[in-house]
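File shown: query.cif (mmCIF, C-alpha atoms and all ligand atoms).
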data_start
#
loop_
_atom_site.group_PDB
_atom_site.id
_atom_site.type_symbol
_atom_site.label_atom_id
_atom_site.label_comp_id
_atom_site.auth_asym_id
_atom_site.auth_seq_id
_atom_site.Cartn_x
_atom_site.Cartn_y
_atom_site.Cartn_z
ATOM 1 C CA MET A 10 23.291 -7.652 -24.012
ATOM 2 C CA SER A 11 20.671 -6.680 -26.510
ATOM 3 C CA VAL A 12 20.813 -8.303 -29.900
ATOM 4 C CA SER A 13 18.189 -7.805 -32.532
ATOM 5 C CA ASP A 14 17.190 -11.013 -34.271
ATOM 6 C CA LYS A 15 18.075 -10.751 -37.936
ATOM 7 C CA GLY A 16 17.515 -14.415 -38.768
ATOM 8 C CA LEU A 17 20.139 -17.041 -39.590
ATOM 9 C CA ALA A 18 23.393 -16.483 -41.474
ATOM 10 C CA VAL A 19 25.232 -19.477 -42.966
ATOM 11 C CA VAL A 20 28.976 -18.825 -43.230
ATOM 12 C CA THR A 21 31.168 -21.292 -45.119
ATOM 13 C CA GLY A 22 34.847 -21.629 -44.241
ATOM 14 C CA ALA A 23 34.103 -20.286 -40.772
ATOM 15 C CA SER A 24 36.586 -22.330 -38.725
ATOM 16 C CA GLN A 25 39.342 -19.706 -39.074
ATOM 17 C CA GLY A 26 40.543 -16.681 -41.023
ATOM 18 C CA LEU A 27 38.139 -14.384 -42.825
ATOM 19 C CA GLY A 28 35.095 -16.655 -42.420
ATOM 20 C CA ALA A 29 35.454 -16.739 -38.624
ATOM 21 C CA ALA A 30 35.855 -12.941 -38.548
ATOM 22 C CA ILE A 31 32.748 -12.463 -40.721
ATOM 23 C CA ALA A 32 30.781 -14.765 -38.420
ATOM 24 C CA HIS A 33 31.758 -12.587 -35.447
ATOM 25 C CA GLU A 34 30.691 -9.429 -37.287
ATOM 26 C CA LEU A 35 27.342 -10.938 -38.278
ATOM 27 C CA ALA A 36 26.742 -12.092 -34.709
ATOM 28 C CA ARG A 37 27.470 -8.552 -33.499
ATOM 29 C CA GLU A 38 24.826 -7.345 -35.953
ATOM 30 C CA GLY A 39 22.222 -9.673 -34.456
ATOM 31 C CA PHE A 40 22.299 -12.697 -36.761
ATOM 32 C CA ALA A 41 22.161 -16.264 -35.499
ATOM 33 C CA VAL A 42 25.046 -18.033 -37.245
ATOM 34 C CA LEU A 43 25.665 -21.474 -38.717
ATOM 35 C CA LEU A 44 29.416 -22.023 -39.051
ATOM 36 C CA VAL A 45 30.431 -24.532 -41.727
ATOM 37 C CA ALA A 46 33.919 -25.991 -42.308
ATOM 38 C CA ARG A 47 35.659 -29.355 -42.048
ATOM 39 C CA THR A 48 37.522 -29.033 -38.737
ATOM 40 C CA ALA A 49 35.123 -29.705 -35.867
ATOM 41 C CA GLN A 50 37.479 -28.630 -33.085
ATOM 42 C CA ALA A 51 38.257 -25.264 -34.646
ATOM 43 C CA LEU A 52 34.548 -24.695 -35.307
ATOM 44 C CA GLU A 53 33.786 -25.284 -31.622
ATOM 45 C CA GLY A 54 36.253 -22.546 -30.654
ATOM 46 C CA VAL A 55 34.606 -20.100 -33.065
ATOM 47 C CA ARG A 56 31.148 -21.133 -31.875
ATOM 48 C CA ALA A 57 32.060 -20.241 -28.283
ATOM 49 C CA SER A 58 33.285 -16.728 -29.089
ATOM 50 C CA VAL A 59 30.547 -16.002 -31.643
ATOM 51 C CA GLY A 60 27.938 -17.206 -29.144
ATOM 52 C CA GLU A 61 29.128 -14.601 -26.645
ATOM 53 C CA LEU A 62 28.122 -11.906 -29.126
ATOM 54 C CA ASN A 63 24.666 -13.110 -30.132
ATOM 55 C CA GLY A 64 23.208 -14.781 -27.075
ATOM 56 C CA ALA A 65 24.501 -18.296 -27.778
ATOM 57 C CA ARG A 66 22.826 -18.440 -31.189
ATOM 58 C CA ALA A 67 25.865 -20.001 -32.887
ATOM 59 C CA HIS A 68 25.687 -23.445 -34.486
ATOM 60 C CA VAL A 69 28.275 -25.598 -36.209
ATOM 61 C CA LEU A 70 28.292 -28.068 -39.067
ATOM 62 C CA ALA A 71 31.547 -29.956 -39.576
ATOM 63 C CA LEU A 72 31.336 -30.702 -43.271
ATOM 64 C CA ASP A 73 33.530 -31.003 -46.334
ATOM 65 C CA LEU A 74 31.605 -28.859 -48.805
ATOM 66 C CA MET A 75 33.005 -30.984 -51.645
ATOM 67 C CA VAL A 76 31.056 -34.126 -50.694
ATOM 68 C CA PRO A 77 28.103 -34.881 -52.992
ATOM 69 C CA ASP A 78 25.387 -34.441 -50.348
ATOM 70 C CA ALA A 79 26.870 -31.250 -48.826
ATOM 71 C CA VAL A 80 23.889 -29.103 -49.792
ATOM 72 C CA ASP A 81 21.431 -31.585 -48.261
ATOM 73 C CA GLN A 82 23.433 -31.566 -45.036
ATOM 74 C CA VAL A 83 23.381 -27.762 -44.909
ATOM 75 C CA ARG A 84 19.630 -27.669 -45.635
ATOM 76 C CA THR A 85 18.860 -30.293 -42.983
ATOM 77 C CA THR A 86 20.918 -28.404 -40.401
ATOM 78 C CA ILE A 87 19.161 -25.111 -41.183
ATOM 79 C CA GLN A 88 15.822 -26.855 -40.777
ATOM 80 C CA ALA A 89 16.882 -28.337 -37.435
ATOM 81 C CA ILE A 90 17.982 -24.916 -36.155
ATOM 82 C CA GLY A 91 14.526 -23.613 -37.002
ATOM 83 C CA VAL A 92 15.485 -19.963 -37.610
ATOM 84 C CA PRO A 93 14.576 -18.402 -40.980
ATOM 85 C CA LEU A 94 17.571 -18.146 -43.309
ATOM 86 C CA THR A 95 18.369 -14.521 -44.150
ATOM 87 C CA CYS A 96 22.056 -14.535 -45.074
ATOM 88 C CA LEU A 97 24.505 -16.748 -46.969
ATOM 89 C CA VAL A 98 28.239 -16.079 -46.949
ATOM 90 C CA ASN A 99 30.180 -18.042 -49.572
ATOM 91 C CA ASN A 100 33.665 -17.677 -48.127
ATOM 92 C CA ALA A 101 35.281 -21.165 -48.150
ATOM 93 C CA GLY A 102 38.033 -21.203 -50.730
ATOM 94 C CA TYR A 103 41.758 -21.389 -51.231
ATOM 95 C CA GLY A 104 44.496 -20.623 -53.707
ATOM 96 C CA LEU A 105 47.214 -22.658 -55.401
ATOM 97 C CA TYR A 106 50.522 -21.007 -56.228
ATOM 98 C CA GLY A 107 52.629 -22.276 -59.121
ATOM 99 C CA LEU A 108 52.879 -22.565 -62.857
ATOM 100 C CA PHE A 109 49.721 -23.965 -64.435
ATOM 101 C CA ASP A 110 51.462 -26.955 -66.034
ATOM 102 C CA GLN A 111 53.427 -27.808 -62.890
ATOM 103 C CA ARG A 112 50.501 -28.358 -60.555
ATOM 104 C CA PRO A 113 48.500 -31.576 -61.004
ATOM 105 C CA MET A 114 45.269 -31.063 -62.939
ATOM 106 C CA GLU A 115 43.068 -32.780 -60.351
ATOM 107 C CA GLU A 116 44.454 -30.515 -57.616
ATOM 108 C CA GLN A 117 43.526 -27.413 -59.623
ATOM 109 C CA LEU A 118 40.100 -28.793 -60.497
ATOM 110 C CA ARG A 119 39.390 -29.445 -56.809
ATOM 111 C CA MET A 120 40.243 -25.849 -55.974
ATOM 112 C CA MET A 121 38.092 -24.584 -58.841
ATOM 113 C CA ARG A 122 35.188 -26.701 -57.593
ATOM 114 C CA LEU A 123 35.398 -25.292 -54.061
ATOM 115 C CA ASN A 124 35.895 -21.700 -55.233
ATOM 116 C CA MET A 125 33.215 -21.728 -57.956
ATOM 117 C CA ASP A 126 30.898 -24.770 -58.007
ATOM 118 C CA VAL A 127 30.277 -24.867 -54.258
ATOM 119 C CA PRO A 128 29.053 -21.243 -53.932
ATOM 120 C CA VAL A 129 26.968 -21.588 -57.087
ATOM 121 C CA ILE A 130 25.342 -24.857 -55.955
ATOM 122 C CA LEU A 131 24.778 -23.657 -52.385
ATOM 123 C CA THR A 132 23.280 -20.359 -53.526
ATOM 124 C CA HIS A 133 21.000 -22.095 -56.026
ATOM 125 C CA ALA A 134 19.766 -24.480 -53.344
ATOM 126 C CA LEU A 135 19.222 -21.837 -50.660
ATOM 127 C CA LEU A 136 17.799 -19.026 -52.789
ATOM 128 C CA PRO A 137 14.160 -20.082 -52.310
ATOM 129 C CA GLN A 138 14.595 -19.748 -48.527
ATOM 130 C CA LEU A 139 16.411 -16.422 -48.874
ATOM 131 C CA LYS A 140 13.703 -15.080 -51.171
ATOM 132 C CA ALA A 141 11.050 -16.112 -48.652
ATOM 133 C CA ALA A 142 12.526 -13.670 -46.117
ATOM 134 C CA LYS A 143 11.462 -10.015 -46.203
ATOM 135 C CA ARG A 144 15.128 -9.001 -46.450
ATOM 136 C CA ALA A 145 18.080 -11.300 -47.140
ATOM 137 C CA TYR A 146 21.741 -11.055 -48.070
ATOM 138 C CA ILE A 147 24.331 -13.003 -50.029
ATOM 139 C CA LEU A 148 28.018 -12.244 -49.548
ATOM 140 C CA ASN A 149 30.509 -13.845 -51.941
ATOM 141 C CA ILE A 150 34.225 -13.679 -51.257
ATOM 142 C CA SER A 151 36.269 -13.054 -54.360
ATOM 143 C CA SER A 152 39.721 -11.449 -54.337
ATOM 144 C CA MET A 153 41.668 -8.571 -55.855
ATOM 145 C CA THR A 154 43.081 -11.179 -58.232
ATOM 146 C CA ALA A 155 39.695 -10.824 -59.979
ATOM 147 C CA TYR A 156 40.845 -7.451 -61.348
ATOM 148 C CA GLY A 157 43.992 -8.552 -63.148
ATOM 149 C CA SER A 158 45.653 -11.766 -64.272
ATOM 150 C CA ILE A 159 48.663 -12.916 -62.261
ATOM 151 C CA ALA A 160 51.026 -15.621 -63.498
ATOM 152 C CA THR A 161 51.419 -18.404 -60.889
ATOM 153 C CA LEU A 162 47.803 -17.835 -59.781
ATOM 154 C CA ALA A 163 46.151 -18.514 -63.144
ATOM 155 C CA THR A 164 43.369 -20.864 -62.086
ATOM 156 C CA TYR A 165 42.881 -19.234 -58.664
ATOM 157 C CA GLY A 166 42.596 -15.765 -60.197
ATOM 158 C CA GLY A 167 40.281 -17.127 -62.859
ATOM 159 C CA SER A 168 38.043 -18.680 -60.222
ATOM 160 C CA LYS A 169 37.830 -15.402 -58.309
ATOM 161 C CA ALA A 170 37.070 -13.429 -61.490
ATOM 162 C CA PHE A 171 34.208 -15.875 -62.027
ATOM 163 C CA VAL A 172 32.902 -15.218 -58.499
ATOM 164 C CA LEU A 173 32.881 -11.465 -59.127
ATOM 165 C CA ARG A 174 31.126 -11.656 -62.512
ATOM 166 C CA TRP A 175 28.597 -14.237 -61.302
ATOM 167 C CA SER A 176 27.844 -12.195 -58.151
ATOM 168 C CA ARG A 177 27.195 -8.989 -60.015
ATOM 169 C CA ALA A 178 24.910 -10.646 -62.566
ATOM 170 C CA LEU A 179 23.010 -12.476 -59.827
ATOM 171 C CA GLY A 180 22.568 -9.192 -57.968
ATOM 172 C CA VAL A 181 20.936 -7.647 -61.022
ATOM 173 C CA GLU A 182 18.662 -10.676 -61.472
ATOM 174 C CA LEU A 183 17.535 -10.474 -57.844
ATOM 175 C CA LYS A 184 16.721 -6.773 -57.867
ATOM 176 C CA GLY A 185 13.324 -6.200 -56.270
ATOM 177 C CA THR A 186 13.223 -9.591 -54.515
ATOM 178 C CA GLY A 187 14.565 -8.331 -51.173
ATOM 179 C CA VAL A 188 17.771 -10.364 -51.639
ATOM 180 C CA THR A 189 20.944 -8.382 -52.313
ATOM 181 C CA VAL A 190 24.258 -9.824 -53.478
ATOM 182 C CA THR A 191 27.558 -8.347 -52.335
ATOM 183 C CA CYS A 192 30.948 -9.411 -53.631
ATOM 184 C CA ALA A 193 34.000 -8.608 -51.514
ATOM 185 C CA CYS A 194 37.381 -8.529 -53.262
ATOM 186 C CA PRO A 195 40.030 -8.425 -50.537
ATOM 187 C CA GLY A 196 43.737 -7.922 -51.004
ATOM 188 C CA SER A 197 46.193 -9.740 -48.813
ATOM 189 C CA ILE A 198 44.773 -10.968 -45.492
ATOM 190 C CA ILE A 199 46.957 -12.607 -42.871
ATOM 191 C CA THR A 200 45.284 -16.015 -42.459
ATOM 192 C CA GLY A 201 46.073 -19.644 -43.256
ATOM 193 C CA PHE A 202 45.749 -18.743 -46.939
ATOM 194 C CA THR A 203 49.426 -18.481 -47.967
ATOM 195 C CA GLU A 204 50.296 -21.822 -46.368
ATOM 196 C CA ARG A 205 47.290 -23.596 -47.913
ATOM 197 C CA ALA A 206 48.146 -22.099 -51.314
ATOM 198 C CA GLY A 207 51.716 -23.378 -51.059
ATOM 199 C CA MET A 208 52.992 -19.804 -51.290
ATOM 200 C CA LEU A 209 54.886 -19.309 -48.038
ATOM 201 C CA VAL A 210 57.633 -17.810 -50.209
ATOM 202 C CA MET A 211 55.299 -14.799 -50.538
ATOM 203 C CA ASP A 212 54.458 -14.684 -46.832
ATOM 204 C CA ASP A 213 56.713 -11.709 -46.043
ATOM 205 C CA LEU A 214 54.953 -9.584 -48.693
ATOM 206 C CA ALA A 215 51.531 -10.831 -47.598
ATOM 207 C CA LYS A 216 52.337 -9.761 -44.025
ATOM 208 C CA LYS A 217 53.839 -6.436 -45.118
ATOM 209 C CA PHE A 218 50.884 -5.384 -47.253
ATOM 210 C CA GLY A 219 48.142 -7.441 -45.630
ATOM 211 C CA THR A 220 45.891 -6.864 -42.640
ATOM 212 C CA GLY A 221 44.289 -9.190 -40.152
ATOM 213 C CA PRO A 222 40.867 -10.575 -41.119
ATOM 214 C CA LEU A 223 38.875 -8.298 -38.781
ATOM 215 C CA PRO A 224 38.947 -5.011 -40.748
ATOM 216 C CA VAL A 225 38.216 -6.934 -43.951
ATOM 217 C CA ALA A 226 35.249 -8.666 -42.308
ATOM 218 C CA ARG A 227 33.950 -5.345 -40.958
ATOM 219 C CA THR A 228 34.065 -3.700 -44.373
ATOM 220 C CA ALA A 229 32.504 -6.727 -46.068
ATOM 221 C CA VAL A 230 29.640 -6.987 -43.561
ATOM 222 C CA HIS A 231 29.044 -3.231 -43.708
ATOM 223 C CA ALA A 232 28.775 -3.472 -47.523
ATOM 224 C CA LEU A 233 26.480 -6.491 -47.176
ATOM 225 C CA LEU A 234 24.111 -4.627 -44.856
ATOM 226 C CA LYS A 235 24.047 -1.693 -47.278
ATOM 227 C CA GLY A 236 23.324 -4.071 -50.179
ATOM 228 C CA ARG A 237 26.362 -2.883 -52.127
ATOM 229 C CA ALA A 238 27.233 -4.979 -55.188
ATOM 230 C CA GLU A 239 31.020 -4.879 -54.783
ATOM 231 C CA VAL A 240 33.565 -3.838 -52.202
ATOM 232 C CA VAL A 241 37.356 -3.775 -52.025
ATOM 233 C CA PRO A 242 38.383 -3.501 -48.373
ATOM 234 C CA GLY A 243 41.213 -1.030 -47.636
ATOM 235 C CA LEU A 244 41.996 2.322 -49.265
ATOM 236 C CA LEU A 245 45.283 1.238 -50.861
ATOM 237 C CA ASN A 246 43.589 -1.863 -52.274
ATOM 238 C CA ARG A 247 40.724 0.242 -53.646
ATOM 239 C CA ILE A 248 43.178 2.535 -55.433
ATOM 240 C CA THR A 249 45.122 -0.457 -56.801
ATOM 241 C CA ALA A 250 41.946 -2.150 -58.024
ATOM 242 C CA LEU A 251 40.861 1.050 -59.725
ATOM 243 C CA LEU A 252 44.242 1.428 -61.445
ATOM 244 C CA GLN A 253 44.100 -2.214 -62.544
ATOM 245 C CA GLN A 254 40.837 -1.449 -64.306
ATOM 246 C CA VAL A 255 41.921 1.753 -66.049
ATOM 247 C CA LEU A 256 45.562 1.069 -66.961
ATOM 248 C CA PRO A 257 46.453 -1.105 -69.980
ATOM 249 C CA ALA A 258 46.238 -4.771 -68.931
ATOM 250 C CA GLY A 259 49.542 -5.905 -70.480
ATOM 251 C CA PRO A 260 52.003 -3.823 -68.432
ATOM 252 C CA VAL A 261 49.931 -4.287 -65.245
ATOM 253 C CA GLU A 262 49.906 -8.075 -65.735
ATOM 254 C CA ARG A 263 53.628 -8.196 -66.432
ATOM 255 C CA THR A 264 54.496 -6.108 -63.358
ATOM 256 C CA ALA A 265 52.246 -8.027 -60.971
ATOM 257 C CA SER A 266 53.213 -11.402 -62.437
ATOM 258 C CA GLY A 267 56.912 -10.544 -62.172
ATOM 259 C CA ILE A 268 56.656 -10.240 -58.391
ATOM 260 C CA TYR A 269 55.127 -13.708 -58.106
ATOM 261 C CA LEU A 270 57.276 -15.398 -60.756
ATOM 262 C CA LYS A 271 60.474 -14.159 -59.114
ATOM 263 C CA ARG A 272 59.662 -16.068 -55.926
ATOM 264 C CA LEU A 273 58.834 -19.381 -57.623
ATOM 265 C CA PRO A 274 60.975 -22.183 -56.248
ATOM 266 C CA ALA A 275 63.222 -23.719 -58.910
ATOM 267 C CA GLN A 276 62.030 -27.301 -58.260
ATOM 268 C CA PRO A 277 58.562 -28.552 -59.314
ATOM 269 C CA MET A 278 55.690 -27.706 -56.925
ATOM 270 C CA LYS A 279 55.101 -30.128 -54.076
ATOM 271 C CA LYS A 280 51.745 -31.956 -54.347
ATOM 272 C CA HIS A 281 49.282 -30.578 -51.762
HETATM 273 N N1 LIG B 301 43.979 -14.553 -47.242
HETATM 274 C C1 LIG B 301 44.037 -13.817 -48.323
HETATM 275 O O1 LIG B 301 45.055 -13.156 -48.622
HETATM 276 C C2 LIG B 301 42.837 -13.716 -49.224
HETATM 277 C C3 LIG B 301 42.770 -12.675 -50.146
HETATM 278 C C4 LIG B 301 41.664 -12.568 -50.982
HETATM 279 C C5 LIG B 301 40.640 -13.493 -50.888
HETATM 280 N N2 LIG B 301 40.727 -14.510 -49.982
HETATM 281 C C6 LIG B 301 39.606 -15.461 -49.923
HETATM 282 O O2 LIG B 301 39.061 -15.437 -48.628
HETATM 283 C C7 LIG B 301 38.400 -16.693 -48.362
HETATM 284 C C8 LIG B 301 38.802 -17.180 -46.992
HETATM 285 O O3 LIG B 301 40.188 -17.476 -46.988
HETATM 286 P P1 LIG B 301 41.127 -17.246 -45.713
HETATM 287 O O4 LIG B 301 42.155 -16.278 -46.109
HETATM 288 O O5 LIG B 301 40.313 -17.010 -44.499
HETATM 289 O O6 LIG B 301 41.816 -18.683 -45.695
HETATM 290 P P2 LIG B 301 41.916 -19.806 -44.558
HETATM 291 O O7 LIG B 301 42.401 -19.208 -43.295
HETATM 292 O O8 LIG B 301 42.692 -20.906 -45.197
HETATM 293 O O9 LIG B 301 40.387 -20.264 -44.362
HETATM 294 C C9 LIG B 301 39.724 -21.039 -45.296
HETATM 295 C C10 LIG B 301 38.459 -21.614 -44.674
HETATM 296 O O10 LIG B 301 37.815 -22.458 -45.640
HETATM 297 C C11 LIG B 301 37.537 -23.719 -45.022
HETATM 298 N N3 LIG B 301 37.538 -24.791 -46.019
HETATM 299 C C12 LIG B 301 38.558 -25.136 -46.859
HETATM 300 N N4 LIG B 301 38.209 -26.183 -47.594
HETATM 301 C C13 LIG B 301 36.930 -26.515 -47.230
HETATM 302 C C14 LIG B 301 36.023 -27.528 -47.635
HETATM 303 N N5 LIG B 301 36.333 -28.432 -48.572
HETATM 304 N N6 LIG B 301 34.810 -27.585 -47.036
HETATM 305 C C15 LIG B 301 34.489 -26.690 -46.069
HETATM 306 N N7 LIG B 301 35.292 -25.718 -45.658
HETATM 307 C C16 LIG B 301 36.506 -25.626 -46.227
HETATM 308 C C17 LIG B 301 38.643 -23.870 -43.981
HETATM 309 O O11 LIG B 301 38.262 -24.687 -42.910
HETATM 310 P P3 LIG B 301 38.624 -26.255 -42.755
HETATM 311 O O12 LIG B 301 40.041 -26.427 -43.191
HETATM 312 O O13 LIG B 301 38.357 -26.505 -41.317
HETATM 313 O O14 LIG B 301 37.661 -26.945 -43.652
HETATM 314 C C18 LIG B 301 38.736 -22.437 -43.449
HETATM 315 O O15 LIG B 301 37.734 -22.219 -42.481
HETATM 316 C C19 LIG B 301 38.799 -17.619 -49.519
HETATM 317 O O16 LIG B 301 37.738 -17.696 -50.432
HETATM 318 C C20 LIG B 301 39.992 -16.922 -50.152
HETATM 319 O O17 LIG B 301 40.134 -17.220 -51.502
HETATM 320 C C21 LIG B 301 41.788 -14.633 -49.141
#
Please rewrite the model in this file as structure tokens.
Ligand SMILES: NC(=O)c1ccc[n+]([C@@H]2O[C@H](COP(=O)([O-])OP(=O)(O)OC[C@H]3O[C@@H](n4cnc5c(N)ncnc54)[C@H](OP(=O)(O)O)[C@@H]3O)[C@@H](O)[C@H]2O)c1
Amino acid sequence: MSVSDKGLAVVTGASQGLGAAIAHELAREGFAVLLVARTAQALEGVRASVGELNGARAHVLALDLMVPDAVDQVRTTIQAIGVPLTCLVNNAGYGLYGLFDQRPMEEQLRMMRLNMDVPVILTHALLPQLKAAKRAYILNISSMTAYGSIATLATYGGSKAFVLRWSRALGVELKGTGVTVTCACPGSIITGFTERAGMLVMDDLAKKFGTGPLPVARTAVHALLKGRAEVVPGLLNRITALLQQVLPAGPVERTASGIYLKRLPAQPMKKH
């Protein structure tokens, strides 16, 4: 096996789903990979298969990214690995399904912190290392919910719209530094997402219109390597995202929201 050494990629939320698939794609492209998530056992499984693709250059850090010293732990681990950092993938995140006033405030704030504060803080802390490389990449995972408001996903959609806007602005700021910023806005992906979001009532639709994480990861990593600012994986999703941006927001919001509102269970949301 011949793998070119592209430096180290840190991938958050890499124990399963899209993050694990992105880690595999990056390993295939020649990156050493640091996989970060909370579940040590799942990370070990991903490490083994990623390591087969990049000559055993896969490392794990079992870490809750919400703990106060998370950034220090990531930095220390990168230092211990001893490979120059060239890529950061801010993928860890989750959704919460339900009416805004029926989900506890603290629960929504926690999600907002993981989806927004964690990528911002991690990127701020690791940018000096990324800038020190001749060529480096940031990949932020947003969502198609960034393109239009959906009732029942108000704070989740808002957090993903933030990720998209922040990514694009950061990309402009970093022009000429050798660091590019790519934001991927996937549609439905069949992962642990619907269960974690408490939206198993939407699972049939997610499975009908969604894909596995692999094609999404491929498209996202391809866009990252090209230094593209934004990518929506999947042709149907690209068309939908385009329509969402050109059609009047009101009718689009009402139609999309209707699908989600119709499935809301009658009783108050269960606390996660
Ligand atoms: N699935 C979809 O339909 C979809 C669509 C658009 C965008 N997205 C976005 O894609 C990203 C990945 O989601 P997914 O679909 O792959 O969901 P997933 O299967 O639930 O994976 C989420 C990952 O994040 C990790 N994670 C969660 N909380 C964490 C924390 N506090 N600290 C560290 N790691 C944490 C999880 O690992 P541990 O539990 O082991 O920590 C897991 O590896 C998310 O940002 C999501 O918003 C998903």
Exercise answer, 6 Å around ligand LIG 301 (chain B) with all atoms listed in the file, as a short mmCIF file (atom, residue, chain, number, x, y, z; two decimals) with C-alpha atoms, keeping the file's coordinate frame:
data_model
loop_
_atom_site.label_atom_id
_atom_site.label_comp_id
_atom_site.auth_asym_id
_atom_site.auth_seq_id
_atom_site.Cartn_x
_atom_site.Cartn_y
_atom_site.Cartn_z
CA GLY A 22 34.85 -21.63 -44.24
CA ALA A 23 34.10 -20.29 -40.77
CA SER A 24 36.59 -22.33 -38.72
CA GLN A 25 39.34 -19.71 -39.07
CA GLY A 26 40.54 -16.68 -41.02
CA LEU A 27 38.14 -14.38 -42.82
CA GLY A 28 35.10 -16.66 -42.42
CA ALA A 46 33.92 -25.99 -42.31
CA ARG A 47 35.66 -29.36 -42.05
CA THR A 48 37.52 -29.03 -38.74
CA LEU A 72 31.34 -30.70 -43.27
CA ASP A 73 33.53 -31.00 -46.33
CA LEU A 74 31.60 -28.86 -48.80
CA MET A 75 33.01 -30.98 -51.64
CA ASN A 100 33.66 -17.68 -48.13
CA ALA A 101 35.28 -21.16 -48.15
CA GLY A 102 38.03 -21.20 -50.73
CA TYR A 103 41.76 -21.39 -51.23
CA GLY A 104 44.50 -20.62 -53.71
CA ILE A 150 34.22 -13.68 -51.26
CA SER A 151 36.27 -13.05 -54.36
CA SER A 152 39.72 -11.45 -54.34
CA PRO A 195 40.03 -8.43 -50.54
CA GLY A 196 43.74 -7.92 -51.00
CA SER A 197 46.19 -9.74 -48.81
CA ILE A 198 44.77 -10.97 -45.49
CA ILE A 199 46.96 -12.61 -42.87
CA THR A 200 45.28 -16.02 -42.46
CA GLY A 201 46.07 -19.64 -43.26
CA PHE A 202 45.75 -18.74 -46.94
CA ARG A 205 47.29 -23.60 -47.91
#
message: If I take CA of Val59 in chain A and CA of Gly207 in chain A, how far is one from the other in Å, to one decimal?
response: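 CA of Gly207 in chain A lies at a distance of 29.7 Å from CA of Val59 in chain A.
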Assuming the chain letters and numbering stay as they are in my file, what does the PyMOL selection byres (((chain A and resi 44) around 8) and not hetatm) actually select? List them as a CSV table (one decimal) with C-alpha atoms, in the frame of the given file.
chain,number,residue,atom,x,y,z
A,19,VAL,CA,25.2,-19.5,-43.0
A,20,VAL,CA,29.0,-18.8,-43.2
A,21,THR,CA,31.2,-21.3,-45.1
A,22,GLY,CA,34.8,-21.6,-44.2
A,23,ALA,CA,34.1,-20.3,-40.8
A,24,SER,CA,36.6,-22.3,-38.7
A,32,ALA,CA,30.8,-14.8,-38.4
A,42,VAL,CA,25.0,-18.0,-37.2
A,43,LEU,CA,25.7,-21.5,-38.7
A,45,VAL,CA,30.4,-24.5,-41.7
A,46,ALA,CA,33.9,-26.0,-42.3
A,52,LEU,CA,34.5,-24.7,-35.3
A,56,ARG,CA,31.1,-21.1,-31.9
A,67,ALA,CA,25.9,-20.0,-32.9
A,68,HIS,CA,25.7,-23.4,-34.5
A,69,VAL,CA,28.3,-25.6,-36.2
A,70,LEU,CA,28.3,-28.1,-39.1
- request: Dump as number ranges by chain all residues having an atom at most 10 Å from (52.4, -6.7, -59.5), computed in the file's coordinates with all atoms listed in the file.
  value: A: 157-160, 249, 253, 260-269
task: Could you check which of A:Ala30, A:Ala145, A:Ala65, A:Val210 is closest to Leu270 in chain A, using all atoms listed in the file?
output: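 Counting all atoms listed in the file, the residue closest to Leu270 in chain A is A:Val210.
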field: Minimum-distance residue to Gly166 in chain A, chosen among A:Leu252, A:Ala134, A:Leu183, A:Met121 (using only C-alpha atoms)
entry: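 Among the listed residues, the smallest separation from Gly166 in chain A belongs to A:Met121.
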task: Can you work out the spacing between CA of Val225 in chain A and CA of Val188 in chain A in Å, to one decimal?
output: 22.1 Å
- request: Could you state which residues are captured by the PyMOL selection byres (((chain A and resi 124) around 8) and not hetatm) in this file, as a PyMOL selection string?
  value: chain A and resi 101-103+120-123+125-128+168-169+172
Best match for closeness to Gly187 in chain A among A:Arg66, A:Lys140, A:Arg227, A:Arg247, counting all atoms listed in the file: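 Under the stated criterion, the closest residue is A:Lys140.
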So that all listed atoms of range 177-194 of chain A fit with 4 Å spare on each side, what axis-aligned box centre and edge lengths in Å, to one decimal, would you give as lines of an AutoDock Vina configuration file?
center_x = 25.3
center_y = -9.3
center_z = -56.9
size_x = 32.2
size_y = 14.3
size_z = 19.4
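Considering the residues A:Asp14, A:Glu204, A:Glu34, A:Asp81 and counting all atoms listed in the file, Ile130 in chain A has its shortest atom-to-atom contact with A:Asp81.
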message: Which residue is closest to Val55 in chain A? Choose from A:Val129, A:Val240, A:Arg177, A:Ala36 and count only C-alpha atoms.
response: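 Among A:Val129, A:Val240, A:Arg177, A:Ala36, it is A:Ala36 that comes nearest to Val55 in chain A.
For the atom pair formed by CA of Leu244 in chain A and CA of Met208 in chain A, the distance is 24.8 Å, given to one decimal.
Evaluated against the shown file, the PyMOL selection byres (((chain A and resi 236) around 8) and not hetatm) gives Tyr146, Thr189, Val190, Thr191, Ala232, Leu233, Leu234, Lys235, Arg237 and Ala238 of chain A.
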Neighbour list for range 141-143 of chain A as a list in words, cut-off 9 Å, all atoms listed in the file, skip fewer than 5 positions in-chain: Gly16, Pro93, Leu94, Thr95, Leu136, Thr186, Gly187 and Val188 of chain A
- prompt: Given the choices A:Phe40, A:Phe171, A:Tyr165, A:Tyr156, which gets closest to Gly60 in chain A if the distance is worked out from only C-alpha atoms?
  reply: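 Selected residue with least distance to Gly60 in chain A: A:Phe40.
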